[in-house]
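K.L.:
Hey, dropping coords35.cif in here, mmCIF, C-alpha atoms:
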```cif
data_entry
#
loop_
_atom_site.label_atom_id
_atom_site.label_comp_id
_atom_site.auth_asym_id
_atom_site.auth_seq_id
_atom_site.Cartn_x
_atom_site.Cartn_y
_atom_site.Cartn_z
CA MET U 842 -8.30 -0.52 -15.02
CA PRO U 843 -4.57 -0.48 -15.91
CA GLY U 844 -5.54 0.93 -19.30
CA ALA U 845 -7.53 3.70 -17.68
CA ARG U 846 -4.70 4.39 -15.28
CA ARG U 847 -2.20 4.56 -18.14
CA ARG U 848 -4.49 6.92 -19.99
CA ALA U 849 -4.81 9.07 -16.88
CA ALA U 850 -1.05 9.04 -16.44
CA ARG U 851 -0.53 9.99 -20.08
CA LEU U 852 -3.08 12.76 -19.77
CA ALA U 853 -1.37 14.06 -16.65
CA ALA U 854 1.98 13.88 -18.40
CA LEU U 855 0.67 15.83 -21.39
CA TRP U 856 -0.84 18.34 -19.04
CA ALA U 857 2.48 18.75 -17.25
CA LEU U 858 4.27 19.06 -20.57
CA ALA U 859 1.83 21.74 -21.71
CA LEU U 860 2.29 23.55 -18.44
CA ALA U 861 6.06 23.37 -18.68
CA ALA U 862 5.94 24.63 -22.27
CA SER U 863 3.56 27.46 -21.44
CA CYS U 864 5.82 28.55 -18.58
CA GLY U 865 8.84 28.49 -20.88
CA GLY U 866 10.28 25.73 -18.71
CA ASP U 867 12.88 23.35 -20.04
CA ALA U 868 11.65 20.27 -18.23
CA PRO U 869 10.87 17.40 -20.56
CA LEU U 870 9.12 14.24 -19.49
CA ASP U 871 10.53 10.76 -19.64
CA ALA U 872 8.75 7.72 -21.03
CA ALA U 873 7.09 6.81 -17.71
CA GLY U 874 5.37 10.17 -17.48
CA GLY U 875 7.68 11.54 -14.81
CA ALA U 876 9.59 14.78 -15.15
CA ALA U 877 13.22 14.66 -16.27
CA SER U 878 16.05 17.13 -16.34
CA ALA U 879 19.80 16.98 -16.84
CA SER U 880 22.90 19.00 -16.25
CA GLY U 881 26.13 17.67 -17.64
CA GLU U 882 26.58 14.11 -16.46
CA LEU U 883 23.82 14.34 -13.89
CA ARG U 884 20.27 13.34 -14.77
CA VAL U 885 17.05 13.43 -12.80
CA LEU U 886 14.37 11.08 -14.11
CA GLY U 887 10.88 9.83 -13.36
CA ALA U 888 9.94 12.64 -10.97
CA VAL U 889 6.34 12.19 -9.81
CA SER U 890 4.14 13.44 -7.00
CA HIS U 891 0.83 12.14 -5.69
CA PRO U 892 -2.49 13.72 -4.62
CA THR U 893 -2.51 14.74 -0.96
CA HIS U 894 -6.18 13.92 -0.20
CA GLY U 895 -6.41 16.49 2.56
CA ALA U 896 -3.06 15.58 4.12
CA PRO U 897 -0.92 18.63 4.97
CA VAL U 898 2.18 17.10 3.39
CA GLY U 899 3.11 16.04 -0.12
CA VAL U 900 5.78 13.82 -1.60
CA VAL U 901 8.02 13.65 -4.66
CA TYR U 902 9.75 10.50 -5.86
CA LEU U 903 12.46 10.51 -8.52
CA ARG U 904 15.81 9.03 -9.40
CA ILE U 905 19.17 10.65 -9.91
CA GLU U 906 21.77 9.17 -12.21
CA ASN U 907 25.37 10.24 -12.25
CA ASP U 908 27.04 9.22 -15.50
CA GLY U 909 30.16 11.20 -14.73
CA SER U 910 33.40 10.24 -13.06
CA GLN U 911 33.05 12.61 -10.14
CA ALA U 912 30.79 12.45 -7.13
CA ASP U 913 28.10 15.06 -6.71
CA ARG U 914 25.84 15.95 -3.84
CA LEU U 915 22.21 17.03 -3.61
CA VAL U 916 22.37 19.90 -1.15
CA ALA U 917 18.96 21.58 -1.33
CA VAL U 918 15.43 21.05 -2.63
CA GLU U 919 12.74 23.66 -3.04
CA SER U 920 9.27 24.03 -4.50
CA SER U 921 7.28 27.23 -4.88
CA ALA U 922 4.16 25.11 -4.25
CA ALA U 923 5.30 24.37 -0.70
CA GLY U 924 6.56 26.34 2.25
CA SER U 925 9.37 23.86 2.70
CA ALA U 926 10.85 20.87 0.90
CA GLN U 927 13.21 18.41 2.52
CA VAL U 928 14.86 15.14 1.70
CA HIS U 929 13.66 12.46 4.10
CA GLU U 930 14.31 8.78 4.40
CA THR U 931 11.87 6.26 5.80
CA VAL U 932 13.72 3.92 8.11
CA PHE U 933 12.24 0.59 9.18
CA GLN U 934 12.96 -0.99 12.53
CA GLY U 935 11.04 -4.22 12.26
CA ASP U 936 7.49 -3.09 11.51
CA ALA U 937 8.04 0.34 13.03
CA VAL U 938 8.70 3.25 10.71
CA ARG U 939 10.33 6.57 11.34
CA MET U 940 11.44 9.38 9.12
CA VAL U 941 14.94 10.74 9.16
CA ARG U 942 15.91 14.02 7.57
CA ARG U 943 18.81 13.87 5.15
CA ALA U 944 20.54 17.24 4.86
CA GLU U 945 22.51 16.04 1.83
CA VAL U 946 22.46 13.08 -0.51
CA GLU U 947 25.73 11.84 -1.95
CA ILE U 948 25.58 10.88 -5.65
CA PRO U 949 28.70 8.79 -6.31
CA PRO U 950 30.02 8.46 -9.89
CA GLY U 951 28.06 5.86 -11.84
CA ALA U 952 25.39 5.74 -9.15
CA ARG U 953 21.65 5.59 -9.58
CA ILE U 954 20.00 6.95 -6.45
CA VAL U 955 16.31 6.08 -6.29
CA PHE U 956 13.80 8.07 -4.26
CA GLU U 957 10.90 5.65 -3.86
CA PRO U 958 8.11 4.66 -1.45
CA GLY U 959 9.51 3.29 1.79
CA GLY U 960 12.90 4.92 1.23
CA LEU U 961 14.28 8.28 0.21
CA HIS U 962 11.68 10.88 -0.73
CA ILE U 963 11.19 14.62 -0.88
CA MET U 964 8.64 15.81 1.66
CA LEU U 965 6.70 18.98 0.91
CA THR U 966 5.20 20.85 3.87
CA GLY U 967 3.27 24.10 4.04
CA LEU U 968 1.51 23.40 0.74
CA ASP U 969 -0.25 26.41 -0.77
CA GLU U 970 -3.03 24.15 -1.97
CA PRO U 971 -3.81 20.43 -1.88
CA LEU U 972 -2.09 18.52 -4.66
CA ARG U 973 -4.51 17.06 -7.17
CA ALA U 974 -4.02 14.49 -9.89
CA GLY U 975 -3.42 16.13 -13.25
CA GLN U 976 -1.61 19.21 -12.00
CA ALA U 977 2.16 19.75 -11.97
CA ILE U 978 4.35 21.37 -9.35
CA PRO U 979 7.67 23.13 -9.83
CA LEU U 980 10.70 21.56 -8.16
CA ARG U 981 14.21 22.87 -7.88
CA LEU U 982 17.15 20.64 -7.00
CA ASP U 983 20.52 22.15 -6.10
CA PHE U 984 23.60 20.03 -6.65
CA GLU U 985 27.06 20.90 -5.43
CA ARG U 986 28.71 20.38 -8.83
CA ALA U 987 25.95 20.19 -11.43
CA GLY U 988 24.22 23.30 -10.14
CA THR U 989 20.48 23.81 -10.24
CA LEU U 990 18.00 21.56 -12.02
CA ARG U 991 14.38 22.63 -12.43
CA LEU U 992 11.51 20.26 -13.08
CA SER U 993 7.77 20.44 -13.49
CA VAL U 994 6.63 17.38 -11.56
CA PRO U 995 3.30 15.78 -12.56
CA VAL U 996 0.91 14.83 -9.78
CA LEU U 997 -0.27 11.32 -10.63
CA ALA U 998 -2.83 9.12 -8.83
CA ASN U 999 -1.15 6.57 -6.55
CA ASP U 1000 -0.60 3.26 -8.27
CA ALA U 1001 -0.11 0.44 -5.81
CA SER U 1002 -2.02 -2.27 -7.64
CA GLY U 1003 0.68 -4.97 -7.80
CA MET W 1112 -25.55 -60.11 -20.28
CA ARG W 1113 -22.97 -61.48 -22.60
CA ARG W 1114 -20.40 -61.59 -19.81
CA ILE W 1115 -22.68 -63.53 -17.48
CA ARG W 1116 -23.27 -66.03 -20.11
CA SER W 1117 -19.61 -66.28 -20.91
CA ARG W 1118 -18.90 -67.28 -17.30
CA GLY W 1119 -19.78 -70.81 -18.09
CA GLY W 1120 -17.63 -70.76 -21.20
CA GLY W 1121 -14.39 -72.04 -19.57
CA PRO W 1122 -11.14 -70.42 -18.46
CA ALA W 1123 -10.59 -68.57 -21.73
CA PHE W 1124 -13.60 -66.35 -20.90
CA ALA W 1125 -13.35 -66.41 -17.10
CA ALA W 1126 -9.98 -64.67 -17.02
CA PRO W 1127 -11.05 -61.61 -19.01
CA ALA W 1128 -14.24 -61.38 -16.93
CA SER W 1129 -12.35 -61.18 -13.63
CA LEU W 1130 -9.87 -58.80 -15.24
CA VAL W 1131 -12.74 -56.56 -16.27
CA ALA W 1132 -14.08 -56.71 -12.70
CA LEU W 1133 -10.66 -55.90 -11.28
CA VAL W 1134 -10.13 -53.02 -13.67
CA ALA W 1135 -13.61 -51.75 -12.91
CA THR W 1136 -13.00 -51.95 -9.16
CA VAL W 1137 -9.66 -50.25 -9.41
CA GLY W 1138 -11.21 -47.65 -11.69
CA VAL W 1139 -14.00 -46.92 -9.21
CA VAL W 1140 -11.57 -46.70 -6.29
CA VAL W 1141 -9.21 -44.43 -8.21
CA GLY W 1142 -12.11 -42.38 -9.55
CA VAL W 1143 -13.73 -41.85 -6.16
CA GLY W 1144 -10.34 -41.20 -4.60
CA GLY W 1145 -9.65 -38.63 -7.29
CA LEU W 1146 -13.01 -36.97 -6.67
CA ILE W 1147 -12.34 -36.77 -2.93
CA ALA W 1148 -8.85 -35.41 -3.56
CA GLY W 1149 -10.35 -32.90 -5.99
CA CYS W 1150 -12.84 -31.70 -3.39
CA ARG W 1151 -10.22 -31.22 -0.74
CA GLU W 1152 -8.21 -28.18 -1.86
CA ALA W 1153 -4.57 -27.91 -0.99
CA PRO W 1154 -4.22 -25.82 2.19
CA HIS W 1155 -3.56 -22.15 1.45
CA HIS W 1156 -0.07 -21.01 2.24
CA TYR W 1157 -0.43 -17.63 3.91
CA ASN W 1158 1.94 -14.83 2.93
CA GLY W 1159 1.11 -12.95 6.12
CA SER W 1160 1.40 -14.43 9.62
CA LEU W 1161 -1.73 -16.45 10.37
CA VAL W 1162 -2.85 -16.27 13.99
CA ASP W 1163 -4.43 -19.65 14.80
CA PRO W 1164 -6.45 -19.83 16.93
CA PRO W 1165 -7.55 -16.19 16.54
CA PHE W 1166 -6.24 -13.94 19.27
CA ALA W 1167 -8.79 -11.75 21.06
CA LEU W 1168 -7.79 -8.08 21.13
CA PRO W 1169 -9.46 -5.28 23.08
CA ASP W 1170 -11.87 -3.07 21.12
CA ILE W 1171 -10.78 0.25 19.64
CA ARG W 1172 -13.20 3.00 20.65
CA GLY W 1173 -12.96 6.50 19.29
CA THR W 1174 -14.55 8.81 16.76
CA ASN W 1175 -14.94 8.04 13.08
CA TRP W 1176 -14.27 10.79 10.52
CA ASP W 1177 -17.98 11.59 10.25
CA GLY W 1178 -18.12 12.41 13.97
CA THR W 1179 -19.94 9.22 14.97
CA PRO W 1180 -18.66 6.98 17.79
CA PHE W 1181 -16.43 4.21 16.51
CA SER W 1182 -16.14 0.64 17.74
CA LEU W 1183 -14.58 -2.28 15.86
CA ALA W 1184 -17.79 -4.20 16.49
CA ASP W 1185 -19.70 -1.72 14.31
CA VAL W 1186 -17.44 -1.96 11.27
CA ASN W 1187 -19.17 -3.35 8.20
CA GLY W 1188 -17.46 -6.50 7.02
CA LYS W 1189 -16.66 -10.03 8.11
CA LEU W 1190 -13.01 -9.07 8.15
CA VAL W 1191 -11.49 -5.78 9.25
CA ILE W 1192 -8.03 -4.52 8.29
CA VAL W 1193 -6.59 -2.08 10.82
CA PHE W 1194 -3.70 0.21 9.98
CA PHE W 1195 -2.09 2.78 12.28
CA GLY W 1196 -0.85 5.98 10.62
CA TYR W 1197 -1.24 9.74 10.37
CA THR W 1198 -1.77 12.41 7.75
CA ASN W 1199 1.53 14.25 8.31
CA CYS W 1200 3.23 11.13 6.97
CA PRO W 1201 4.07 11.72 3.30
CA ASP W 1202 5.50 8.35 2.35
CA VAL W 1203 4.47 5.14 4.10
CA CYS W 1204 0.93 6.11 5.14
CA PRO W 1205 -0.46 7.25 1.76
CA MET W 1206 1.34 4.39 0.03
CA THR W 1207 -0.20 1.88 2.44
CA LEU W 1208 -3.66 3.37 1.91
CA ALA W 1209 -3.08 3.24 -1.85
CA ARG W 1210 -2.27 -0.46 -1.49
CA LEU W 1211 -5.38 -1.01 0.63
CA GLN W 1212 -7.45 0.85 -1.97
CA ALA W 1213 -6.11 -1.43 -4.70
CA LEU W 1214 -6.62 -4.50 -2.50
CA HIS W 1215 -10.20 -3.48 -1.75
CA ALA W 1216 -10.92 -2.93 -5.44
CA ARG W 1217 -9.47 -6.31 -6.39
CA LEU W 1218 -11.71 -8.11 -3.90
CA GLY W 1219 -14.47 -7.29 -6.39
CA GLU W 1220 -17.94 -8.23 -5.17
CA ARG W 1221 -16.47 -9.37 -1.83
CA ALA W 1222 -15.06 -5.89 -1.10
CA GLY W 1223 -18.06 -5.20 1.14
CA GLU W 1224 -16.99 -8.08 3.38
CA VAL W 1225 -13.71 -6.38 4.27
CA GLY W 1226 -13.72 -3.15 6.27
CA VAL W 1227 -10.60 -0.96 6.24
CA VAL W 1228 -9.76 1.21 9.26
CA LEU W 1229 -7.03 3.82 9.64
CA VAL W 1230 -6.39 4.63 13.31
CA SER W 1231 -4.51 7.89 13.74
CA VAL W 1232 -1.36 7.82 15.88
CA ASP W 1233 -1.37 11.63 15.85
CA PRO W 1234 -4.46 12.79 17.81
CA ASP W 1235 -3.12 16.34 18.21
CA ARG W 1236 -2.97 17.15 14.48
CA ASP W 1237 -5.40 14.66 12.89
CA SER W 1238 -8.94 15.90 13.43
CA PRO W 1239 -11.73 13.51 12.40
CA SER W 1240 -12.58 15.76 9.44
CA ARG W 1241 -8.98 15.75 8.20
CA LEU W 1242 -8.90 11.96 8.57
CA GLY W 1243 -12.11 11.81 6.58
CA GLU W 1244 -10.74 13.83 3.71
CA PHE W 1245 -7.61 11.67 3.75
CA VAL W 1246 -9.12 8.18 3.82
CA ARG W 1247 -11.98 9.06 1.48
CA GLY W 1248 -9.42 10.31 -1.03
CA PHE W 1249 -8.53 6.63 -1.36
CA ASP W 1250 -11.85 4.87 -0.75
CA GLU W 1251 -15.22 6.22 0.36
CA GLU W 1252 -15.81 3.10 2.45
CA PHE W 1253 -12.68 3.44 4.60
CA TYR W 1254 -12.91 4.43 8.24
CA GLY W 1255 -10.62 7.11 9.71
CA VAL W 1256 -10.57 6.93 13.49
CA HIS W 1257 -9.50 9.56 15.99
CA LEU W 1258 -8.68 8.40 19.51
CA SER W 1259 -8.03 10.41 22.63
CA ARG W 1260 -4.39 10.37 23.75
CA GLU W 1261 -5.37 8.06 26.62
CA ALA W 1262 -7.26 5.66 24.34
CA LEU W 1263 -4.35 5.60 21.89
CA ALA W 1264 -1.88 4.79 24.67
CA ALA W 1265 -4.15 1.97 25.90
CA VAL W 1266 -4.63 0.51 22.39
CA GLY W 1267 -0.89 0.82 21.78
CA SER W 1268 0.02 -1.26 24.80
CA GLN W 1269 -2.83 -3.77 24.35
CA TRP W 1270 -2.19 -4.31 20.65
CA GLY W 1271 1.60 -4.07 20.85
CA ILE W 1272 1.70 -0.96 18.67
CA MET W 1273 4.66 1.35 19.10
CA VAL W 1274 3.81 5.06 18.93
CA SER W 1275 6.50 7.59 19.75
CA GLN W 1276 5.48 9.64 22.74
CA GLY W 1277 6.09 13.29 23.43
CA LYS W 1278 6.51 16.03 20.89
CA PRO W 1279 9.75 15.68 19.01
CA GLU W 1280 11.68 18.70 17.88
CA ALA W 1281 9.73 20.32 15.04
CA ASP W 1282 11.57 21.56 11.96
CA ALA W 1283 11.57 25.17 10.76
CA ASP W 1284 8.20 24.65 9.13
CA GLY W 1285 6.68 23.24 12.31
CA TRP W 1286 6.57 19.69 10.99
CA TYR W 1287 7.42 16.67 13.13
CA GLY W 1288 7.08 12.95 12.55
CA VAL W 1289 5.47 10.26 14.67
CA ASP W 1290 7.32 6.94 14.73
CA HIS W 1291 4.84 4.09 14.68
CA THR W 1292 4.23 0.44 13.94
CA ALA W 1293 2.99 0.19 10.36
CA ALA W 1294 2.00 -3.47 10.08
CA LEU W 1295 -1.53 -4.39 8.99
CA TYR W 1296 -3.84 -6.30 11.33
CA VAL W 1297 -6.65 -8.45 9.93
CA LEU W 1298 -9.46 -9.25 12.35
CA GLY W 1299 -12.13 -11.91 11.91
CA PRO W 1300 -15.88 -11.81 12.59
CA GLU W 1301 -15.38 -11.84 16.38
CA ARG W 1302 -12.87 -9.03 15.88
CA ALA W 1303 -10.09 -11.33 17.01
CA LEU W 1304 -6.71 -11.15 15.28
CA ARG W 1305 -6.48 -13.64 12.37
CA LEU W 1306 -3.61 -12.37 10.27
CA ARG W 1307 -0.80 -9.88 10.42
CA PHE W 1308 0.81 -8.42 7.29
CA PRO W 1309 4.24 -6.83 7.51
CA GLN W 1310 4.40 -3.28 6.22
CA GLU W 1311 6.00 -3.97 2.87
CA MET W 1312 3.56 -6.69 1.74
CA SER W 1313 2.20 -6.16 -1.79
CA VAL W 1314 -1.40 -6.34 -2.98
CA ASP W 1315 -0.57 -9.52 -4.91
CA GLU W 1316 0.57 -11.15 -1.68
CA MET W 1317 -2.26 -9.91 0.54
CA LEU W 1318 -5.17 -10.61 -1.83
CA PRO W 1319 -5.02 -14.46 -1.79
CA ASP W 1320 -4.70 -14.45 2.01
CA LEU W 1321 -7.89 -12.40 2.38
CA GLN W 1322 -9.69 -14.57 -0.17
CA ALA W 1323 -8.66 -17.70 1.74
CA LEU W 1324 -9.90 -16.24 5.04
CA LEU W 1325 -13.20 -15.23 3.42
CA ALA W 1326 -13.61 -18.65 1.82
CA ALA W 1327 -13.21 -20.31 5.22
CA LEU W 1328 -16.00 -18.21 6.74
CA PRO W 1329 -19.67 -19.20 6.60
CA PRO W 1330 -21.58 -17.45 3.80
CA GLY W 1331 -24.12 -14.74 4.43
CA PRO W 1332 -23.97 -11.17 5.64
CA GLY W 1333 -21.31 -10.43 8.19
#
```
How would this structure read if it were set down as structure tokens?
P.N.:
Amino acid sequence: MPGARRRAARLAALWALALAASCGGDAPLDAAGGAASASGELRVLGAVSHPTHGAPVGVVYLRIENDGSQADRLVAVESSAAGSAQVHETVFQGDAVRMVRRAEVEIPPGARIVFEPGGLHIMLTGLDEPLRAGQAIPLRLDFERAGTLRLSVPVLANDASG
Amino acid sequence: MRRIRSRGGGPAFAAPASLVALVATVGVVVGVGGLIAGCREAPHHYNGSLVDPPFALPDIRGTNWDGTPFSLADVNGKLVIVFFGYTNCPDVCPMTLARLQALHARLGERAGEVGVVLVSVDPDRDSPSRLGEFVRGFDEEFYGVHLSREALAAVGSQWGIMVSQGKPEADADGWYGVDHTAALYVLGPERALRLRFPQEMSVDEMLPDLQALLAALPPGPG
């Protein structure tokens, strides 16, 4: 099962890579199969999305690393696959969950900001089409200092086996 | 035979004979004790919160994704896991269903003994058919239940589930969130609460708890 999942992930990653190459994109993939992009001292790594299974909203997880000595700020996110993209954070109050919109995300120098399940994430609404495993969606991240980063984010089957 | 005969052979033989008897007796006692200890397994330490004795909860009645009436009593499985969520939830809800999918798969041949039910906390936007597409994207066997607003409010207060009321301010795209309790509730054969998993519990933590509950139940179809 893990072998099959890894193969599926690799296939999806190759697919995304091919798509990025065919579109003339400059978005490479990192070792885990997620999309990666960099501008100066700022790097975005491990960007992945998941199939929506009929849900009207999608999600992107990733991490942002700031190797520089100056703080940066994520000020906008956008995807041509969705009517709107926003940074949200899942907040737990005991066993109750709520989502809070984050207009900006501070990226301090030396920081590694992780967007992951149960925490920060990018929510996609107004999807043109359901997201399916194996496809890739374009994502644009605007940073105050580093400028714009573009990624082709692979849609990978959810892996919650552990 | 040799030992019986040796009994009459004086102290030199008598001592070893009684020693043999003693060793044999101790051996039998230890052996039987060990067998009994081996049969009695160490009690399972539950990762979730065990509810003992099981706590009776009112039924949940609504409509399953296929349009048929839903009642907890009709769910296939000796155990039922109930999760409250909604499809406009991009993070916690799909991740929880992905965990339940993995959990269900890892139960192997006992998967059929555990029913999984998503109850929507968003009756206005989650139609049964949308719930069907959603839950079946994870596992064909999962239930996706739509309740009327009134039924949801009643279940919320009876089960102690928080669901934010009223329509919050929608964003520019018309999206709004529903705050809700995202714990997992495991019900036994009488559909009484047996176990409660906090939201963040992993498959590795939940699996042995379910296996222990199943092992404690009488065999046969449930």
K.L.:
Every residue with an atom at most 7 Å from (4.5, 25.0, 6.2) (file coordinates; only C-alpha atoms) is what I'm after, so could you write them as a PyMOL selection string?
P.N.:
(chain U and resi 923-925+966-968) or (chain W and resi 1284-1285)
K.L.:
Residues of chain U no more than 7 Å from chain W, counting all atoms listed in the file: send them over as a list in words.
P.N.:
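Those within range of chain W come out as His894, Gly895, Ala896, Pro897, Val898, Gly899, Val900, Ser925, Asp936, Ala937, Val938, Arg939, Met940, Pro958, Gly959, Met964, Asn999, Asp1000, Ala1001, Ser1002 and Gly1003 of chain U.
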K.L.:
Would you write out, as a list in words, every residue that the PyMOL selection byres ((chain U and resi 908) around 7) captures in this file?
P.N.:
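The output of the PyMOL selection byres ((chain U and resi 908) around 7) on this file is Glu882, Leu883, Glu906, Asn907, Gly909, Ser910, Pro950 and Gly951 of chain U.
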K.L.:
Choose the residue, out of U:Val889, U:Ile948, U:Leu965, U:Val955, that has the smallest atom-to-atom separation from Val996 of chain U; count only C-alpha atoms.
P.N.:
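Among U:Val889, U:Ile948, U:Leu965, U:Val955, it is U:Val889 that comes nearest to Val996 of chain U.
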K.L.:
I'd like the residues picked by the PyMOL selection byres ((chain U and resi 944) around 10) written out as a PDB file with C-alpha atoms, keeping the file's coordinate frame, using the chain letters and numbers from the file.
P.N.:
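Writing done, so here's expr_24.pdb:
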```
ATOM      1  CA  LEU U 915      22.210  17.030  -3.610  1.00  0.00           C
ATOM      2  CA  VAL U 916      22.370  19.900  -1.150  1.00  0.00           C
ATOM      3  CA  ALA U 917      18.960  21.580  -1.330  1.00  0.00           C
ATOM      4  CA  VAL U 918      15.430  21.050  -2.630  1.00  0.00           C
ATOM      5  CA  GLN U 927      13.210  18.410   2.520  1.00  0.00           C
ATOM      6  CA  VAL U 928      14.860  15.140   1.700  1.00  0.00           C
ATOM      7  CA  HIS U 929      13.660  12.460   4.100  1.00  0.00           C
ATOM      8  CA  VAL U 941      14.940  10.740   9.160  1.00  0.00           C
ATOM      9  CA  ARG U 942      15.910  14.020   7.570  1.00  0.00           C
ATOM     10  CA  ARG U 943      18.810  13.870   5.150  1.00  0.00           C
ATOM     11  CA  GLU U 945      22.510  16.040   1.830  1.00  0.00           C
ATOM     12  CA  VAL U 946      22.460  13.080  -0.510  1.00  0.00           C
TER      13      VAL U 946
END
```
K.L.:
Could you state the separation of atom CA of Ile963 of chain U and atom CA of Arg914 of chain U in Å, given to one decimal place?
P.N.:
15.0 Å
K.L.:
What separation in Å, quoted to one decimal, exists between atom CA of Leu997 of chain U and atom CA of Ala876 of chain U?
P.N.:
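Distance between the two atoms: 11.4 Å.
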K.L.:
Counting all atoms listed in the file, which residue out of U:Leu990, U:Ala888, U:Ile905, U:Ala879 sits closest to Ile978 of chain U?
P.N.:
U:Ala888
K.L.:
Pick from W:Leu1161, W:Ala1262, W:Ala1323, W:Leu1183: nearest to Gly1226 of chain W, with only C-alpha atoms counted?
P.N.:
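Checking each of W:Leu1161, W:Ala1262, W:Ala1323, W:Leu1183 against Gly1226 of chain W, counting only C-alpha atoms, the winner is W:Leu1183.
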K.L.:
Selected by the PyMOL selection byres ((chain W and resi 1167-1169) around 6) in the shown coordinates: which residues, as a PDB file with C-alpha atoms, keeping the file's coordinate frame?
P.N.:
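Output saved as result18.pdb:
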```pdb
ATOM      1  CA  PHE W1166      -6.240 -13.940  19.270  1.00  0.00           C
ATOM      2  CA  ASP W1170     -11.870  -3.070  21.120  1.00  0.00           C
ATOM      3  CA  ALA W1303     -10.090 -11.330  17.010  1.00  0.00           C
TER       4      ALA W1303
END
```
K.L.:
Using atom CA of Asn1175 of chain W and atom CA of Arg1302 of chain W as the two end points, give the distance in Å to one decimal.
P.N.:
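Computing it gives 17.4 Å between the two atoms.
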K.L.:
Using all atoms of segment 927-946 of chain U listed in the file and a margin of 5 Å per side, can you give the axis-aligned box centre and edge lengths in Å to one decimal, as lines of an AutoDock Vina configuration file?
P.N.:
```
center_x = 15.0
center_y = 7.1
center_z = 6.3
size_x = 25.0
size_y = 32.6
size_z = 23.5
```
K.L.:
Select all residues near (17.8, 21.0, -9.6) (cut-off 12 Å, inclusive, file coordinates), counting all atoms listed in the file, and output them as a ChimeraX atom specification.
P.N.:
/U:867-868,876-880,883-886,888,903,905,914-920,979-994
K.L.:
Print the selection's residues with C-alpha atoms to a file, as a short mmCIF file (atom, residue, chain, number, x, y, z; two decimals), keeping the file's coordinate frame.
P.N.:
```cif
data_model
loop_
_atom_site.label_atom_id
_atom_site.label_comp_id
_atom_site.auth_asym_id
_atom_site.auth_seq_id
_atom_site.Cartn_x
_atom_site.Cartn_y
_atom_site.Cartn_z
CA ASP U 867 12.88 23.35 -20.04
CA ALA U 868 11.65 20.27 -18.23
CA ALA U 876 9.59 14.78 -15.15
CA ALA U 877 13.22 14.66 -16.27
CA SER U 878 16.05 17.13 -16.34
CA ALA U 879 19.80 16.98 -16.84
CA SER U 880 22.90 19.00 -16.25
CA LEU U 883 23.82 14.34 -13.89
CA ARG U 884 20.27 13.34 -14.77
CA VAL U 885 17.05 13.43 -12.80
CA LEU U 886 14.37 11.08 -14.11
CA ALA U 888 9.94 12.64 -10.97
CA LEU U 903 12.46 10.51 -8.52
CA ILE U 905 19.17 10.65 -9.91
CA ARG U 914 25.84 15.95 -3.84
CA LEU U 915 22.21 17.03 -3.61
CA VAL U 916 22.37 19.90 -1.15
CA ALA U 917 18.96 21.58 -1.33
CA VAL U 918 15.43 21.05 -2.63
CA GLU U 919 12.74 23.66 -3.04
CA SER U 920 9.27 24.03 -4.50
CA PRO U 979 7.67 23.13 -9.83
CA LEU U 980 10.70 21.56 -8.16
CA ARG U 981 14.21 22.87 -7.88
CA LEU U 982 17.15 20.64 -7.00
CA ASP U 983 20.52 22.15 -6.10
CA PHE U 984 23.60 20.03 -6.65
CA GLU U 985 27.06 20.90 -5.43
CA ARG U 986 28.71 20.38 -8.83
CA ALA U 987 25.95 20.19 -11.43
CA GLY U 988 24.22 23.30 -10.14
CA THR U 989 20.48 23.81 -10.24
CA LEU U 990 18.00 21.56 -12.02
CA ARG U 991 14.38 22.63 -12.43
CA LEU U 992 11.51 20.26 -13.08
CA SER U 993 7.77 20.44 -13.49
CA VAL U 994 6.63 17.38 -11.56
#
```
K.L.:
Report as a list in words all protein, DNA and RNA residues lying within 12 Å of Phe1181 of chain W, evaluated on all atoms listed in the file, omitting residues in the same chain fewer than 3 positions from it.
P.N.:
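Close residues of Phe1181 of chain W: Asp1170, Ile1171, Arg1172, Gly1173, Thr1174, Asn1175, Trp1176, Asp1177, Gly1178, Ala1184, Asp1185, Val1186, Asn1187, Val1228, Leu1229, Val1230, Pro1239, Tyr1254, Gly1255, Val1256, His1257 and Leu1258 of chain W.
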